[in-house]
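First the structure, in the form of C-alpha cells, and then the observations on it.
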Amino acid sequence: MTDATTDAPPSTYEPPKVWKWESESGGRFAKINRPIAGATHEKALPVGQNPLQLYSLATPNGIKVTVMLEELLALGKKEAEYDAWLINISEGDQFSSGFVAVNPNSKIPALLDCSTTPPTRVFESGSILVYLAEKFDAFLPKEPAARAECLSWLFWQMGSTPYLGGGFGHFYAYAPEKYEYPINRFTMEVKRQLDVLDRNLAEREFLSGDEYTIADMATYPWYGGLVLHNVYEAAEFLDVASYANVVRWGTEIERRPAVQRGRRVNRAWGPEEKRVPERHSASDID
Ligand SMILES: N[C@@H](CCC(=O)N[C@@H](CS)C(=O)NCC(=O)O)C(=O)O
C-alpha cells in the first residue's frame, strides 16, 4: 500500500496522545537535547578583568559576537575589551546555574556587561549585537530608514537561520538516517533564502546598503560559511556556487582582519594555530 498523494510507503509511526520523553532521539547532539529548561548543576561562571564577559563557543552564532567585538576594538573602542570564556555545549556547560542566570535559554552566546552597576546580562546573538552597536555607537546606522533596513536584515537572519541549521543541517548532516521528506522541505527553503540574499546583494555591496553593519556580521557566519566552507558538506548538493553575489559578499567580509580574529576566538577544535579557546587580551590572538 502507498500514500495516495506521494507514492511513498505509509508511515508506521502513530503519535501518542501525550508525548513523553522516554528515549534519546538519536543523531548528533541527541545527548544535550532535553524537553525542559533550567540548570542541571550548580556552578558559577568565571569573571575576568575586562568590562565585557562573553560565554560562548566558535559556532556561527558565537562568531557573530566575537567578530563584532573585534571590529569594535579595531575601531579603537577600548571599553569593548572582553574576556571570552569557553562554553563546551557538548559537555553541558550551558546548563550550569551560572550560565542559566545569564541566559535562561541555555544557549551560547551570552554576554555579561560588567561596566554597568549592576552588571547587565544579554542573551540571543541578535540582541547582543544590537546592545553592543548601541553602547558603542557603531555598525548600526542612525538615520531611521537605514536603521530600519539594517534591523530588518538582522531579524531576517535570526528568523531564517533555524531553517538552515535546525532544519536543513540537522536532517542533511546530523539525523541518524536520511529522510527524504524533511531534506526536500528544508532544501527548498534554504535555496529560497540563498536566492533572497543573492538578489539583494546583486544591488548593493552589503546586506542593508553601502555600509557594513551588524546585519552582515550576523548573516556572514551562516550563509557565508555555507557558500565558502562547504558547511554540512552540502556545497555541491545546494549548488552554492550559483549564488555568485553571496559568494562575492562572503569573500569580501572574510578578508576583514577583525573577522579573521573573531573566527578564532572560543575555537577549541581544528588546526592548533587557529584555536583560541579563551581570550582575555589581544595577545591571546596575535
Ligand atoms: N537564537 C539563539 C540560538 C543560539 C544557539 O542555537 N546556540 C547553540 C550553538 S550555535 C547552542 O548553544 N546549543 C546548545 C544547546 O542547544 O543546548 C541565538 O542566536 O543566540
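All residue names refer to the C-alpha cells as shown: chains lettered A, B, ... in order, residues numbered from 1 in each chain, ligands numbered from 1 in order.
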All residues 7 Å or closer to region 46-56 of chain A, only C-alpha atoms, same chain fewer than 2 positions away omitted, as a list in words: Ala44, Ala58, Gly62, Glu79, Ala80, Glu81, Tyr82, Asp83, Ala84, Trp85, Leu86, Ile87, Ile108, Pro109, Ala110, Leu111, Leu112, Asp113, Cys114, Ser115 and Asn266 of chain A
Surrounding residues as a ChimeraX atom specification, ligand 1, max 9 Å, only C-alpha atoms and all ligand atoms: /A:29,32-34,56-62,64,87-90,92-95,105-110,123-128,158-159,161-162,165-166,218
DSSP helix (DSSP H, G or I) residues within region 63-195 of chain A, listed as a VMD selection string: chain A and resid 63 to 74 78 to 80 89 to 91 93 to 95 97 to 102 125 to 136 144 to 174 180 to 195
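Counting from CA of Ser281 (chain A), the distance to CA of Thr120 (chain A) is 21.2 Å.
For Gly98 (chain A), the list of residues within 8 Å, based on only C-alpha atoms and with local chain neighbours fewer than 6 positions off taken out, reads Glu42, Lys43, Ala44 and Leu45 of chain A.
In the backbone-derived DSSP annotation, strand (DSSP E or B) within region 37-258 of chain A comprises His41, Leu52, Gln53, Leu54, Tyr55, Ser56, Tyr82, Asp83, Ala84, Trp85, Leu86, Ser96, Ala110, Leu111, Leu112, Asp113, Thr120, Arg121, Val122, Phe123, Phe206 and Gly209 of chain A.
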Written selection (C-alpha atoms) as an mmCIF file, in the first residue's frame:
```cif
data_model
loop_
_atom_site.group_PDB
_atom_site.id
_atom_site.type_symbol
_atom_site.label_atom_id
_atom_site.label_comp_id
_atom_site.auth_asym_id
_atom_site.auth_seq_id
_atom_site.Cartn_x
_atom_site.Cartn_y
_atom_site.Cartn_z
ATOM 1 C CA HIS A 41 24.095 21.552 38.127
ATOM 2 C CA LEU A 52 32.684 42.602 28.966
ATOM 3 C CA GLN A 53 32.417 38.909 29.791
ATOM 4 C CA LEU A 54 31.450 36.625 26.928
ATOM 5 C CA TYR A 55 30.443 32.997 27.469
ATOM 6 C CA SER A 56 30.489 31.301 24.096
ATOM 7 C CA TYR A 82 36.465 41.365 26.658
ATOM 8 C CA ASP A 83 37.125 38.050 28.301
ATOM 9 C CA ALA A 84 35.799 35.174 26.181
ATOM 10 C CA TRP A 85 35.195 32.018 28.201
ATOM 11 C CA LEU A 86 34.683 28.663 26.557
ATOM 12 C CA SER A 96 25.240 25.276 34.764
ATOM 13 C CA ALA A 110 25.708 35.013 26.373
ATOM 14 C CA LEU A 111 27.178 38.343 27.455
ATOM 15 C CA LEU A 112 27.595 39.996 30.835
ATOM 16 C CA ASP A 113 28.408 43.700 30.740
ATOM 17 C CA THR A 120 23.747 43.755 32.503
ATOM 18 C CA ARG A 121 23.033 40.312 31.088
ATOM 19 C CA VAL A 122 22.305 39.994 27.364
ATOM 20 C CA PHE A 123 21.326 36.810 25.548
ATOM 21 C CA PHE A 206 26.379 44.850 1.911
ATOM 22 C CA GLY A 209 23.295 49.105 1.658
#
```
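Residues in contact with region 132-140 of chain A at up to 7 Å, not including ones fewer than 4 positions away on its chain and judged by only C-alpha atoms, are Ile128, Arg147, Cys150, Tyr212, Thr213 and Ile214 of chain A.
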Please provide the set of residues having any atom within 8 Å of Leu207 (chain A), restricted to only C-alpha atoms, with same-chain residues fewer than 5 positions apart removed, written as a ChimeraX atom specification. /A:150,153,197,200-201,212,215-216
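Excluding region 177-183 of chain A itself and same-chain residues fewer than 6 positions from it, the residues having an atom within 8 Å of it are Gly167, Phe168 and Phe171 of chain A, counting only C-alpha atoms.
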Save out the residues we just selected, N, CA, C and O atoms, as a PDB file, in the first residue's frame.
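Once everything was written out, this is out10.pdb:
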```
ATOM      1  N   GLY A 167      16.882  22.886  10.654  1.00  0.00           N
ATOM      2  CA  GLY A 167      16.101  22.141   9.663  1.00  0.00           C
ATOM      3  C   GLY A 167      17.007  21.414   8.683  1.00  0.00           C
ATOM      4  O   GLY A 167      17.262  20.223   8.800  1.00  0.00           O
ATOM      5  N   PHE A 168      17.562  22.161   7.717  1.00  0.00           N
ATOM      6  CA  PHE A 168      18.389  21.526   6.679  1.00  0.00           C
ATOM      7  C   PHE A 168      19.605  20.806   7.269  1.00  0.00           C
ATOM      8  O   PHE A 168      19.829  19.614   7.012  1.00  0.00           O
ATOM      9  N   PHE A 171      18.774  17.604   9.296  1.00  0.00           N
ATOM     10  CA  PHE A 171      18.328  16.414   8.562  1.00  0.00           C
ATOM     11  C   PHE A 171      19.329  15.955   7.497  1.00  0.00           C
ATOM     12  O   PHE A 171      19.426  14.769   7.211  1.00  0.00           O
TER      13      PHE A 171
END
```
Do you know which residues are at most 12 Å from Phe237 (chain A) counting only C-alpha atoms, after dropping those on the same chain fewer than 2 positions away, and could you put them as a PyMOL selection string? chain A and resi 168+172-173+183-184+187-188+190-191+226-227+230-235+239-242
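Reported to one decimal place, the separation of CA of Ser208 (chain A) from CA of Ala146 (chain A) is 7.4 Å.
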